[in-house]
$ cat upload_20.cif   # mmCIF, C-alpha atoms
data_my_file
loop_
_atom_site.label_atom_id
_atom_site.label_comp_id
_atom_site.auth_asym_id
_atom_site.auth_seq_id
_atom_site.Cartn_x
_atom_site.Cartn_y
_atom_site.Cartn_z
CA MET T 1 110.21 211.58 -47.00
CA THR T 2 106.44 211.67 -46.82
CA VAL T 3 104.21 211.67 -43.78
CA PRO T 4 100.48 211.06 -43.34
CA VAL T 5 98.26 214.11 -42.82
CA GLU T 6 94.55 214.65 -42.45
CA ILE T 7 92.87 218.01 -42.87
CA THR T 8 89.15 218.73 -42.89
CA ILE T 9 88.52 220.89 -45.94
CA ASN T 10 85.07 222.40 -46.39
CA GLY T 11 83.70 219.88 -43.93
CA LYS T 12 85.21 216.84 -45.65
CA ALA T 13 88.17 214.86 -44.30
CA CYS T 14 91.09 214.92 -46.74
CA ALA T 15 93.90 212.49 -45.98
CA GLY T 16 97.16 212.24 -47.84
CA GLU T 17 100.85 211.32 -47.78
CA VAL T 18 102.84 214.49 -48.30
CA GLU T 19 106.39 215.76 -48.20
CA GLU T 20 107.05 217.51 -44.91
CA ARG T 21 108.02 220.65 -46.80
CA GLN T 22 104.75 220.81 -48.74
CA LEU T 23 102.82 224.05 -48.35
CA LEU T 24 99.14 223.98 -47.44
CA VAL T 25 98.14 225.77 -50.64
CA HIS T 26 99.57 222.91 -52.69
CA PHE T 27 97.74 220.31 -50.59
CA ILE T 28 94.50 222.20 -51.19
CA ARG T 29 95.09 222.52 -54.93
CA GLU T 30 96.88 219.28 -55.79
CA ASN T 31 95.82 216.73 -53.19
CA ALA T 32 92.28 217.95 -52.54
CA GLY T 33 91.82 219.19 -56.12
CA LEU T 34 90.35 222.53 -55.03
CA THR T 35 91.91 225.02 -57.41
CA GLY T 36 89.88 228.06 -56.41
CA THR T 37 92.67 228.98 -53.99
CA LYS T 38 95.47 230.53 -56.03
CA VAL T 39 99.24 230.87 -55.69
CA GLY T 40 100.23 234.46 -56.42
CA CYS T 41 103.29 236.17 -55.01
CA ASP T 42 104.23 233.14 -52.91
CA THR T 43 105.72 235.48 -50.30
CA SER T 44 102.62 236.05 -48.09
CA GLN T 45 102.02 239.53 -49.44
CA CYS T 46 99.38 239.27 -52.18
CA GLY T 47 96.75 237.25 -50.30
CA THR T 48 95.26 235.30 -53.21
CA CYS T 49 96.01 232.06 -51.29
CA THR T 50 93.91 233.21 -48.31
CA VAL T 51 91.76 230.51 -46.68
CA GLN T 52 90.13 230.17 -43.28
CA LEU T 53 92.28 227.96 -41.06
CA ASP T 54 90.54 226.92 -37.84
CA GLY T 55 88.16 229.82 -38.27
CA VAL T 56 90.56 232.67 -39.04
CA SER T 57 92.05 233.87 -42.30
CA ALA T 58 95.49 232.58 -43.15
CA LYS T 59 97.79 232.75 -46.15
CA SER T 60 98.04 229.11 -47.17
CA CYS T 61 101.35 229.66 -48.98
CA THR T 62 102.92 230.35 -45.60
CA VAL T 63 101.69 227.29 -43.69
CA LEU T 64 103.13 223.79 -44.02
CA THR T 65 100.60 221.05 -44.69
CA VAL T 66 101.99 219.09 -41.71
CA GLN T 67 101.44 222.14 -39.49
CA ALA T 68 97.77 222.17 -40.48
CA SER T 69 97.23 218.44 -40.04
CA GLY T 70 94.29 218.00 -37.68
CA SER T 71 92.91 221.42 -38.51
CA SER T 72 89.84 222.57 -40.42
CA VAL T 73 90.13 224.65 -43.57
CA THR T 74 87.48 226.54 -45.49
CA THR T 75 88.29 227.54 -49.05
CA ILE T 76 86.40 229.65 -51.56
CA GLU T 77 84.63 226.47 -52.71
CA GLY T 78 83.28 226.00 -49.19
CA ILE T 79 81.58 229.32 -48.61
CA SER T 80 78.46 228.54 -50.66
CA ASP T 81 76.44 225.39 -51.32
CA GLY T 82 77.52 225.29 -54.94
CA VAL T 83 74.09 226.34 -56.19
CA ASP T 84 73.38 229.77 -54.72
CA LEU T 85 76.22 232.24 -54.52
CA HIS T 86 77.38 233.56 -51.15
CA PRO T 87 76.33 237.24 -50.72
CA LEU T 88 79.98 238.27 -51.12
CA GLN T 89 80.28 236.37 -54.42
CA GLU T 90 77.01 237.89 -55.61
CA ALA T 91 78.18 241.37 -54.59
CA PHE T 92 81.57 241.05 -56.34
CA TRP T 93 79.68 240.09 -59.50
CA ASN T 94 77.09 242.88 -59.24
CA ASN T 95 79.64 245.58 -58.42
CA HIS T 96 82.27 244.58 -61.00
CA GLY T 97 84.64 243.80 -58.14
CA LEU T 98 86.90 241.82 -60.45
CA GLN T 99 88.37 241.75 -63.91
CA CYS T 100 90.67 238.74 -64.26
CA GLY T 101 89.42 237.22 -61.02
CA PHE T 102 92.77 235.91 -59.82
CA CYS T 103 92.68 237.85 -56.54
CA THR T 104 88.96 237.28 -55.95
CA PRO T 105 89.06 234.03 -53.93
CA GLY T 106 91.48 235.61 -51.47
CA MET T 107 89.56 238.89 -51.43
CA ILE T 108 86.35 237.06 -50.57
CA MET T 109 87.95 234.89 -47.89
CA ALA T 110 89.54 237.97 -46.29
CA ALA T 111 86.30 239.94 -46.61
CA SER T 112 84.28 237.17 -44.97
CA GLU T 113 86.50 237.39 -41.89
CA LEU T 114 86.24 241.17 -41.92
CA LEU T 115 82.43 241.01 -41.97
CA ARG T 116 82.38 238.38 -39.25
CA ASN T 117 84.41 240.67 -36.95
CA ASN T 118 82.77 243.90 -38.11
CA PRO T 119 79.37 243.42 -39.79
CA SER T 120 79.02 247.13 -40.72
CA PRO T 121 82.45 248.35 -41.74
CA THR T 122 83.10 251.81 -43.16
CA ARG T 123 84.85 252.03 -46.53
CA GLU T 124 88.05 252.89 -44.68
CA GLU T 125 87.67 249.83 -42.44
CA ILE T 126 87.09 247.66 -45.52
CA ARG T 127 90.32 248.95 -47.06
CA HIS T 128 92.16 248.27 -43.80
CA GLY T 129 90.65 244.78 -43.55
CA LEU T 130 91.73 243.91 -47.10
CA GLU T 131 95.22 245.37 -46.88
CA GLY T 132 96.77 241.93 -47.14
CA ASN T 133 95.16 241.33 -50.51
CA ILE T 134 96.44 242.84 -53.72
CA CYS T 135 94.49 243.33 -56.96
CA ARG T 136 96.43 244.29 -60.11
CA CYS T 137 93.46 244.86 -62.43
CA THR T 138 90.72 247.05 -61.13
CA GLY T 139 91.98 249.23 -58.40
CA TYR T 140 90.02 248.79 -55.26
CA GLN T 141 86.94 251.01 -55.57
CA ASN T 142 84.62 248.29 -56.85
CA ILE T 143 86.04 245.72 -54.46
CA VAL T 144 85.28 248.02 -51.53
CA SER T 145 81.82 248.69 -52.96
CA ALA T 146 81.21 244.94 -53.29
CA VAL T 147 82.10 244.30 -49.64
CA GLU T 148 79.94 247.25 -48.60
CA ASP T 149 77.05 245.87 -50.65
CA ALA T 150 77.48 242.37 -49.19
CA ALA T 151 77.56 243.79 -45.66
CA GLY T 152 74.16 245.36 -46.33
CA LYS T 153 72.72 242.16 -47.80
CA MET T 154 74.07 240.13 -44.90
CA GLY T 155 72.21 242.34 -42.47
CA GLY T 156 75.07 244.42 -41.21
CA ARG T 157 73.58 247.74 -42.26
CA MET F 158 108.54 228.22 -54.20
CA PHE F 159 108.94 225.62 -51.49
CA PRO F 160 111.45 224.97 -48.73
CA ALA F 161 114.36 222.55 -48.92
CA GLN F 162 113.76 219.00 -47.67
CA LEU F 163 113.18 218.88 -43.95
CA THR F 164 112.10 216.65 -41.12
CA TYR F 165 109.15 217.89 -39.07
CA HIS F 166 108.44 217.21 -35.41
CA ARG F 167 105.42 218.49 -33.50
CA ALA F 168 106.36 219.05 -29.86
CA GLY F 169 103.69 218.38 -27.24
CA SER F 170 105.40 220.33 -24.46
CA VAL F 171 108.21 222.79 -23.84
CA ALA F 172 110.31 219.99 -22.33
CA GLU F 173 109.82 217.91 -25.46
CA ALA F 174 110.76 220.89 -27.65
CA VAL F 175 113.96 221.43 -25.64
CA GLN F 176 114.78 217.71 -26.00
CA LEU F 177 114.17 217.76 -29.76
CA LEU F 178 116.37 220.84 -30.14
CA SER F 179 119.10 219.15 -28.09
CA ASP F 180 118.87 215.95 -30.13
CA ASN F 181 118.90 217.61 -33.56
CA GLU F 182 121.77 219.97 -34.25
CA GLY F 183 120.67 222.90 -36.38
CA ALA F 184 116.97 222.33 -35.68
CA LYS F 185 114.76 225.40 -35.77
CA LEU F 186 111.63 226.17 -33.79
CA LEU F 187 108.46 226.80 -35.76
CA ALA F 188 105.63 228.78 -34.16
CA GLY F 189 103.30 230.65 -36.52
CA GLY F 190 105.88 230.30 -39.27
CA HIS F 191 105.32 233.77 -40.67
CA SER F 192 108.93 234.82 -40.34
CA LEU F 193 110.71 231.50 -40.81
CA LEU F 194 108.75 229.92 -43.67
CA PRO F 195 109.20 232.88 -46.06
CA LEU F 196 112.96 232.69 -45.45
CA MET F 197 112.92 228.94 -46.05
CA LYS F 198 110.97 229.35 -49.28
CA LEU F 199 113.58 231.81 -50.49
CA ARG F 200 116.23 229.27 -49.39
CA LEU F 201 117.82 231.90 -47.18
CA ALA F 202 117.32 229.35 -44.41
CA ALA F 203 117.30 225.58 -44.83
CA PRO F 204 117.03 223.90 -41.43
CA ALA F 205 117.06 220.11 -41.77
CA VAL F 206 114.74 219.76 -38.79
CA LEU F 207 111.74 221.84 -37.70
CA VAL F 208 110.32 221.56 -34.20
CA ASP F 209 106.74 222.84 -34.29
CA ILE F 210 105.71 224.33 -30.94
CA GLY F 211 102.58 225.91 -32.41
CA ARG F 212 100.11 223.72 -30.52
CA ILE F 213 101.58 223.91 -27.01
CA GLU F 214 98.71 225.43 -25.03
CA ALA F 215 100.96 226.41 -22.10
CA LEU F 216 102.67 228.95 -24.38
CA LYS F 217 99.45 230.75 -25.29
CA GLY F 218 97.55 233.59 -23.68
CA ILE F 219 97.94 236.78 -21.68
CA SER F 220 97.72 236.97 -17.89
CA ALA F 221 98.11 239.59 -15.20
CA SER F 222 101.32 239.23 -13.21
CA ASP F 223 103.16 241.13 -10.51
CA GLY F 224 103.46 244.71 -11.73
CA GLY F 225 102.38 243.98 -15.28
CA ILE F 226 101.33 241.26 -17.67
CA THR F 227 102.85 238.05 -18.95
CA ILE F 228 102.34 237.20 -22.61
CA GLY F 229 102.82 233.62 -23.77
CA ALA F 230 105.28 233.29 -26.64
CA LEU F 231 102.63 231.82 -28.94
CA THR F 232 100.17 234.68 -28.44
CA THR F 233 99.30 236.06 -31.86
CA HIS F 234 99.51 239.68 -32.92
CA ALA F 235 95.72 239.63 -33.41
CA GLU F 236 95.20 238.48 -29.81
CA ILE F 237 97.52 241.18 -28.46
CA ALA F 238 95.85 243.87 -30.57
CA SER F 239 92.42 243.01 -29.13
CA SER F 240 93.39 242.22 -25.52
CA ASP F 241 91.87 244.30 -22.73
CA LEU F 242 94.74 243.35 -20.40
CA VAL F 243 97.27 244.68 -22.90
CA GLN F 244 95.15 247.78 -23.49
CA GLN F 245 95.07 248.50 -19.75
CA ASN F 246 98.71 247.78 -18.95
CA ALA F 247 100.72 248.44 -22.08
CA PRO F 248 98.49 250.00 -24.73
CA VAL F 249 101.49 250.78 -26.94
CA LEU F 250 101.96 247.05 -27.45
CA ALA F 251 98.39 246.67 -28.74
CA GLU F 252 98.88 249.73 -30.94
CA ALA F 253 101.96 248.16 -32.52
CA ALA F 254 100.38 244.69 -32.83
CA ALA F 255 97.55 246.17 -34.89
CA LEU F 256 100.14 247.54 -37.35
CA VAL F 257 101.95 244.25 -37.97
CA GLY F 258 101.59 242.98 -41.55
CA ASP F 259 97.94 242.46 -42.45
CA PRO F 260 94.99 240.66 -40.82
CA ALA F 261 95.96 237.17 -42.00
CA VAL F 262 99.55 237.67 -40.88
CA ARG F 263 98.36 238.91 -37.49
CA ASN F 264 96.19 235.79 -37.12
CA ARG F 265 99.15 233.43 -37.51
CA GLY F 266 102.21 235.45 -36.48
CA THR F 267 103.22 235.19 -32.81
CA ILE F 268 105.01 237.65 -30.56
CA GLY F 269 107.56 235.01 -29.55
CA GLY F 270 108.30 234.07 -33.13
CA SER F 271 108.55 237.68 -34.16
CA VAL F 272 111.07 238.67 -31.49
CA SER F 273 113.08 235.45 -31.85
CA HIS F 274 113.41 236.02 -35.56
CA ALA F 275 115.15 239.29 -34.60
CA ASP F 276 114.32 241.07 -37.81
CA PRO F 277 115.19 244.72 -37.20
CA ALA F 278 112.21 245.74 -39.34
CA SER F 279 109.65 244.09 -37.05
CA ASP F 280 107.59 246.20 -34.66
CA GLN F 281 107.34 244.44 -31.31
CA PRO F 282 111.08 244.28 -30.50
CA THR F 283 111.20 248.08 -30.62
CA VAL F 284 108.14 248.45 -28.40
CA LEU F 285 109.33 245.80 -25.93
CA THR F 286 112.70 247.56 -25.71
CA ALA F 287 110.98 250.84 -24.81
CA LEU F 288 108.75 249.02 -22.30
CA GLY F 289 111.73 247.39 -20.59
CA ALA F 290 110.23 243.92 -21.03
CA THR F 291 111.86 240.67 -19.91
CA PHE F 292 112.01 237.54 -22.06
CA ASN F 293 111.59 234.24 -20.18
CA VAL F 294 113.47 231.28 -21.60
CA THR F 295 113.57 227.54 -20.84
CA GLY F 296 116.51 225.30 -21.68
CA PRO F 297 117.92 221.93 -20.59
CA GLY F 298 119.37 223.48 -17.44
CA GLY F 299 116.20 225.31 -16.39
CA ASP F 300 114.82 228.78 -16.81
CA ARG F 301 116.48 232.15 -17.27
CA SER F 302 115.46 235.68 -18.19
CA ILE F 303 116.89 238.07 -20.79
CA ALA F 304 116.21 241.81 -20.93
CA ALA F 305 114.46 242.90 -24.13
CA ALA F 306 117.33 245.26 -24.97
CA ASP F 307 119.80 242.34 -24.80
CA PHE F 308 117.70 239.80 -26.69
CA ALA F 309 118.51 240.69 -30.29
CA THR F 310 122.25 240.42 -30.82
CA GLY F 311 122.40 241.38 -34.48
CA LEU F 312 120.65 240.98 -37.80
CA LEU F 313 118.36 237.91 -37.41
CA GLU F 314 120.40 236.78 -34.38
CA ASN F 315 119.24 236.43 -30.80
CA ALA F 316 120.66 235.59 -27.39
CA LEU F 317 119.00 232.16 -27.19
CA ASN F 318 121.18 229.07 -27.05
CA ASP F 319 120.41 226.48 -29.73
CA ASN F 320 118.37 224.34 -27.34
CA GLU F 321 116.44 227.07 -25.54
CA VAL F 322 112.81 228.01 -26.04
CA LEU F 323 111.38 231.50 -25.46
CA THR F 324 108.28 230.74 -23.37
CA SER F 325 106.86 234.12 -22.37
CA ILE F 326 107.46 237.84 -22.18
CA SER F 327 106.94 239.83 -18.98
CA VAL F 328 105.82 243.38 -19.66
CA PRO F 329 105.78 245.92 -16.82
CA SER F 330 102.70 248.15 -16.71
CA VAL F 331 103.30 251.65 -18.00
CA PRO F 332 103.04 254.17 -15.14
CA SER F 333 99.57 255.47 -14.39
CA GLY F 334 98.95 258.64 -16.41
CA ALA F 335 101.79 257.96 -18.83
CA GLY F 336 101.22 258.56 -22.52
CA SER F 337 102.61 256.06 -24.99
CA ALA F 338 102.74 255.68 -28.74
CA TYR F 339 104.26 253.60 -31.51
CA VAL F 340 104.48 255.01 -35.01
CA LYS F 341 106.06 253.46 -38.05
CA PHE F 342 107.01 254.15 -41.60
CA SER F 343 105.53 251.03 -43.20
CA HIS F 344 107.04 249.51 -46.28
CA PRO F 345 104.14 249.84 -48.73
CA ALA F 346 104.05 246.16 -49.73
CA SER F 347 105.27 244.15 -46.77
CA ARG F 348 104.20 246.52 -43.96
CA TYR F 349 107.55 245.92 -42.29
CA ALA F 350 108.87 248.96 -40.44
CA VAL F 351 111.38 250.90 -42.49
CA VAL F 352 111.57 252.97 -39.31
CA GLY F 353 109.57 252.41 -36.12
CA ALA F 354 109.60 254.52 -32.96
CA ALA F 355 108.09 253.86 -29.53
CA ALA F 356 107.76 256.40 -26.72
CA ILE F 357 106.39 256.25 -23.19
CA LEU F 358 106.25 259.63 -21.40
CA SER F 359 105.16 260.58 -17.89
CA VAL F 360 104.37 264.12 -16.75
CA SER F 361 104.47 265.52 -13.24
CA GLY F 362 103.80 269.17 -12.41
CA GLY F 363 103.97 270.14 -16.09
CA ALA F 364 107.38 268.60 -16.60
CA CYS F 365 108.48 265.28 -18.08
CA SER F 366 109.22 262.99 -15.14
CA SER F 367 110.18 259.90 -17.10
CA ALA F 368 110.77 259.05 -20.73
CA SER F 369 111.42 255.77 -22.44
CA VAL F 370 112.10 255.84 -26.17
CA ALA F 371 113.28 253.20 -28.66
CA VAL F 372 113.81 253.21 -32.40
CA GLY F 373 113.88 250.22 -34.75
CA GLY F 374 114.33 249.46 -38.42
CA VAL F 375 117.33 251.70 -38.80
CA GLU F 376 120.09 249.45 -37.51
CA THR F 377 120.50 245.69 -37.12
CA LYS F 378 118.63 245.74 -33.80
CA PRO F 379 116.36 248.14 -31.91
CA ALA F 380 118.14 250.94 -30.07
CA ARG F 381 117.10 252.51 -26.80
CA ALA F 382 117.23 256.27 -27.46
CA SER F 383 118.91 257.40 -24.27
CA SER F 384 120.02 260.74 -25.76
CA VAL F 385 116.40 261.52 -26.60
CA GLU F 386 115.32 260.44 -23.13
CA ALA F 387 117.95 262.67 -21.51
CA ALA F 388 116.84 265.64 -23.60
CA LEU F 389 113.23 265.11 -22.52
CA ALA F 390 113.91 264.83 -18.79
CA GLY F 391 112.41 267.81 -16.98
CA SER F 392 111.24 269.47 -20.19
CA ASP F 393 107.73 270.85 -20.67
CA LEU F 394 107.08 268.44 -23.59
CA GLY F 395 106.17 271.45 -25.76
CA ASP F 396 106.84 271.46 -29.48
CA ALA F 397 110.28 273.02 -29.15
CA ALA F 398 111.34 270.51 -26.49
CA LEU F 399 110.09 267.57 -28.57
CA ASP F 400 111.82 268.91 -31.71
CA ALA F 401 115.12 269.20 -29.86
CA ALA F 402 114.78 265.79 -28.21
CA ALA F 403 113.93 263.99 -31.47
CA ALA F 404 116.90 265.60 -33.19
CA ALA F 405 119.14 264.01 -30.57
CA VAL F 406 118.35 260.48 -31.83
CA GLY F 407 121.42 260.63 -34.06
CA GLY F 408 123.49 260.21 -30.90
CA ASP F 409 121.72 256.92 -30.17
CA LEU F 410 122.50 255.38 -33.56
CA SER F 411 125.83 253.71 -34.13
CA GLY F 412 126.51 255.60 -37.34
CA ASP F 413 126.09 252.44 -39.38
CA PRO F 414 122.41 252.28 -40.36
CA MET F 415 121.20 249.68 -42.84
CA GLY F 416 120.26 250.64 -46.37
CA ASP F 417 118.49 248.81 -49.15
CA VAL F 418 116.91 249.45 -52.53
CA PHE F 419 113.83 250.96 -50.88
CA ALA F 420 115.43 253.19 -48.26
CA SER F 421 119.08 254.20 -48.12
CA ALA F 422 121.00 254.39 -44.86
CA GLU F 423 120.98 258.20 -44.99
CA TYR F 424 117.24 258.25 -45.55
CA ARG F 425 116.57 255.87 -42.65
CA ARG F 426 118.72 258.00 -40.41
CA ALA F 427 116.78 261.11 -41.38
CA MET F 428 113.47 259.32 -40.93
CA ALA F 429 114.51 258.08 -37.48
CA ALA F 430 114.35 261.68 -36.21
CA VAL F 431 111.05 262.30 -38.01
CA TYR F 432 109.34 259.23 -36.60
CA VAL F 433 110.76 259.67 -33.11
CA ARG F 434 109.32 263.19 -33.22
CA ARG F 435 105.90 261.82 -34.24
CA ALA F 436 106.00 259.19 -31.48
CA LEU F 437 106.94 261.84 -28.91
CA GLY F 438 104.14 264.12 -30.08
CA ALA F 439 101.53 261.35 -29.88
CA ALA F 440 102.75 260.10 -26.50
CA ALA F 441 102.89 263.62 -25.03
CA SER F 442 99.33 264.31 -26.18
CA ARG F 443 98.15 261.16 -24.37
CA ALA F 444 100.07 261.84 -21.12
CA GLY F 445 98.68 263.46 -18.02
#
$ encode --input "upload_20.cif" --output "structure tokens"
Amino acid sequence: MTVPVEITINGKACAGEVEERQLLVHFIRENAGLTGTKVGCDTSQCGTCTVQLDGVSAKSCTVLTVQASGSSVTTIEGISDGVDLHPLQEAFWNNHGLQCGFCTPGMIMAASELLRNNPSPTREEIRHGLEGNICRCTGYQNIVSAVEDAAGKMGGR
Amino acid sequence: MFPAQLTYHRAGSVAEAVQLLSDNEGAKLLAGGHSLLPLMKLRLAAPAVLVDIGRIEALKGISASDGGITIGALTTHAEIASSDLVQQNAPVLAEAAALVGDPAVRNRGTIGGSVSHADPASDQPTVLTALGATFNVTGPGGDRSIAAADFATGLLENALNDNEVLTSISVPSVPSGAGSAYVKFSHPASRYAVVGAAAILSVSGGACSSASVAVGGVETKPARASSVEAALAGSDLGDAALDAAAAAVGGDLSGDPMGDVFASAEYRRAMAAVYVRRALGAAASRAG
């Protein structure tokens, strides 16, 4: 059976008829057509599906679409205006904070919450803040450097 | 992966949730969903009906109450970890909340959902057992209370009836001057506790005047470590006393610890003594 839902994604109302068992990540990707958010481990461990749900980071593979109906979601597509990169995106690029890029949307969404709560994190605090996000390419040195760089550019240090 | 077909209801109040549970046999409550949804995706659970209580405001928040604090069932781990009231009255609970999963999990996961799920590898049931907390429950016939130590009845099983809702948890303040600690051996991927140990120690005149210790992750539910507590009573909380007390934890385990591909039963049993010792050391250093 399907039910009507409406979720504000990146400031835009997205309505749909979905199965009650549908996961939010699939609504974002398939109904809203925003494929920046990835499905990785699908067991809420890898973090590549991380979005901001009502202002805090959430793993969208572990939320039902119906649960999120009425809520606001920000995805990786929503953090910049589409022309200029967000300082975190710029910093991941400049610091080689990615190879394949699959984990990057989740890394950036998690890092944006980290910097909101702690604008000048130490490298250790960055590692702690990103512990729900797994990268299988680079190791984490450049990712931590990217977040550190972005913190500086965003005025945190 | 996705769950089996289900029917979803969003309850507007506790009374409505109780009614929906009563009307739909086999219905499951959904709070943050961070314990239940992963099980449903793996098809280890397939409830036909979900009753979402996640937006009931009355179940959220932390307040001061007689002799302690009351924590609404929907309070998230992130809220507990950053709460001044928790820090002042039961800092060990905030310490444990900060170790649950990862930041995104702590944003969505709730204390009520976590304890109701009754996963022996979760952190808060062990801490709440050591704290002597009380779980407040509402059902069709009214309200009742269940002691933390009696709440989990086995692996993923709790003392709630099918149409009852856990509404809040009453946590008594730790005694003034007491030292408390929670330490865990985290599974490297999931952050679940392979072994977790909580200790609350009070000192008077250089001797241990009260001790409350619990250990989780080893058996199907958290165990109060009364042998450890007895060994600590009256001791000077020096290294030798803590070594001897931690070694006594074997007497508090049933002799049937769980084992899996990551940590065998023998290993968990050995680690129980190690982590109890670390919790005792940290708590003793904070007491006085």
$ resolve_selection --input "upload_20.cif" --expression "the PyMOL selection byres ((chain F and resi 269-282) around 8)" --output "ChimeraX atom specification"
/F:187-190,192-193,229-232,250,253-254,257,266-268,283-286,305,309,311-315,323-326,349-353,373-379
$ resolve_selection --input "upload_20.cif" --expression "the PyMOL selection byres ((chain F) within 8 of (chain T))" --output "PyMOL selection string"
chain F and resi 158-165+190-191+194-195+209+258-262+264-265+346-347
$ residues_around --input "upload_20.cif" --residues "Val406 in chain F" --least-positions-apart "6" --cutoff "10 Å" --atoms "all atoms listed in the file" --output "VMD selection string"
chain F and resid 370 to 372 380 to 386 388 426 to 427 429 to 431 433 to 434
$ closest_residue --input "upload_20.cif" --among "F:Ile237, F:Leu186, F:Val360, F:Ala306" --to "Ala287 in chain F" --atoms "all atoms listed in the file"
F:Ala306
$ atom_distance --input "upload_20.cif" --atom1 "CA of Lys185 in chain F" --atom2 "CA of Arg167 in chain F"
11.8 Å
$ axis_aligned_box --input "upload_20.cif" --around "range 43-55 of chain T" --padding-each-side "5 Å" --output "AutoDock Vina command-line options"
--center_x 96.9 --center_y 233.2 --center_z -45.5 --size_x 27.6 --size_y 22.6 --size_z 25.4
$ build_atoms --input "upload_20.cif" --residues "range 87-99 of chain T" --atoms "N, CA and C atoms" --output "PDB file, keeping the file's coordinate frame"
ATOM      1  N   PRO T  87      76.557 235.807 -50.482  1.00  0.00           N
ATOM      2  CA  PRO T  87      76.330 237.240 -50.720  1.00  0.00           C
ATOM      3  C   PRO T  87      77.580 238.000 -51.151  1.00  0.00           C
ATOM      4  N   LEU T  88      78.752 237.594 -50.682  1.00  0.00           N
ATOM      5  CA  LEU T  88      79.980 238.270 -51.120  1.00  0.00           C
ATOM      6  C   LEU T  88      80.264 237.973 -52.595  1.00  0.00           C
ATOM      7  N   GLN T  89      80.051 236.724 -53.004  1.00  0.00           N
ATOM      8  CA  GLN T  89      80.280 236.370 -54.420  1.00  0.00           C
ATOM      9  C   GLN T  89      79.307 237.150 -55.310  1.00  0.00           C
ATOM     10  N   GLU T  90      78.053 237.169 -54.865  1.00  0.00           N
ATOM     11  CA  GLU T  90      77.010 237.890 -55.610  1.00  0.00           C
ATOM     12  C   GLU T  90      77.384 239.381 -55.723  1.00  0.00           C
ATOM     13  N   ALA T  91      77.867 239.939 -54.609  1.00  0.00           N
ATOM     14  CA  ALA T  91      78.180 241.370 -54.590  1.00  0.00           C
ATOM     15  C   ALA T  91      79.397 241.696 -55.447  1.00  0.00           C
ATOM     16  N   PHE T  92      80.410 240.809 -55.468  1.00  0.00           N
ATOM     17  CA  PHE T  92      81.570 241.050 -56.340  1.00  0.00           C
ATOM     18  C   PHE T  92      81.118 241.046 -57.808  1.00  0.00           C
ATOM     19  N   TRP T  93      80.203 240.171 -58.141  1.00  0.00           N
ATOM     20  CA  TRP T  93      79.680 240.090 -59.500  1.00  0.00           C
ATOM     21  C   TRP T  93      78.912 241.386 -59.826  1.00  0.00           C
ATOM     22  N   ASN T  94      77.963 241.733 -58.962  1.00  0.00           N
ATOM     23  CA  ASN T  94      77.090 242.880 -59.240  1.00  0.00           C
ATOM     24  C   ASN T  94      77.839 244.203 -59.277  1.00  0.00           C
ATOM     25  N   ASN T  95      78.918 244.305 -58.523  1.00  0.00           N
ATOM     26  CA  ASN T  95      79.640 245.580 -58.420  1.00  0.00           C
ATOM     27  C   ASN T  95      80.902 245.614 -59.291  1.00  0.00           C
ATOM     28  N   HIS T  96      81.053 244.640 -60.161  1.00  0.00           N
ATOM     29  CA  HIS T  96      82.270 244.580 -61.000  1.00  0.00           C
ATOM     30  C   HIS T  96      83.513 244.623 -60.121  1.00  0.00           C
ATOM     31  N   GLY T  97      83.503 243.808 -59.065  1.00  0.00           N
ATOM     32  CA  GLY T  97      84.640 243.800 -58.140  1.00  0.00           C
ATOM     33  C   GLY T  97      85.794 242.947 -58.634  1.00  0.00           C
ATOM     34  N   LEU T  98      85.788 242.595 -59.905  1.00  0.00           N
ATOM     35  CA  LEU T  98      86.900 241.820 -60.450  1.00  0.00           C
ATOM     36  C   LEU T  98      86.992 242.033 -61.946  1.00  0.00           C
ATOM     37  N   GLN T  99      88.220 241.856 -62.463  1.00  0.00           N
ATOM     38  CA  GLN T  99      88.370 241.750 -63.910  1.00  0.00           C
ATOM     39  C   GLN T  99      88.881 240.347 -64.233  1.00  0.00           C
TER      40      GLN T  99
END
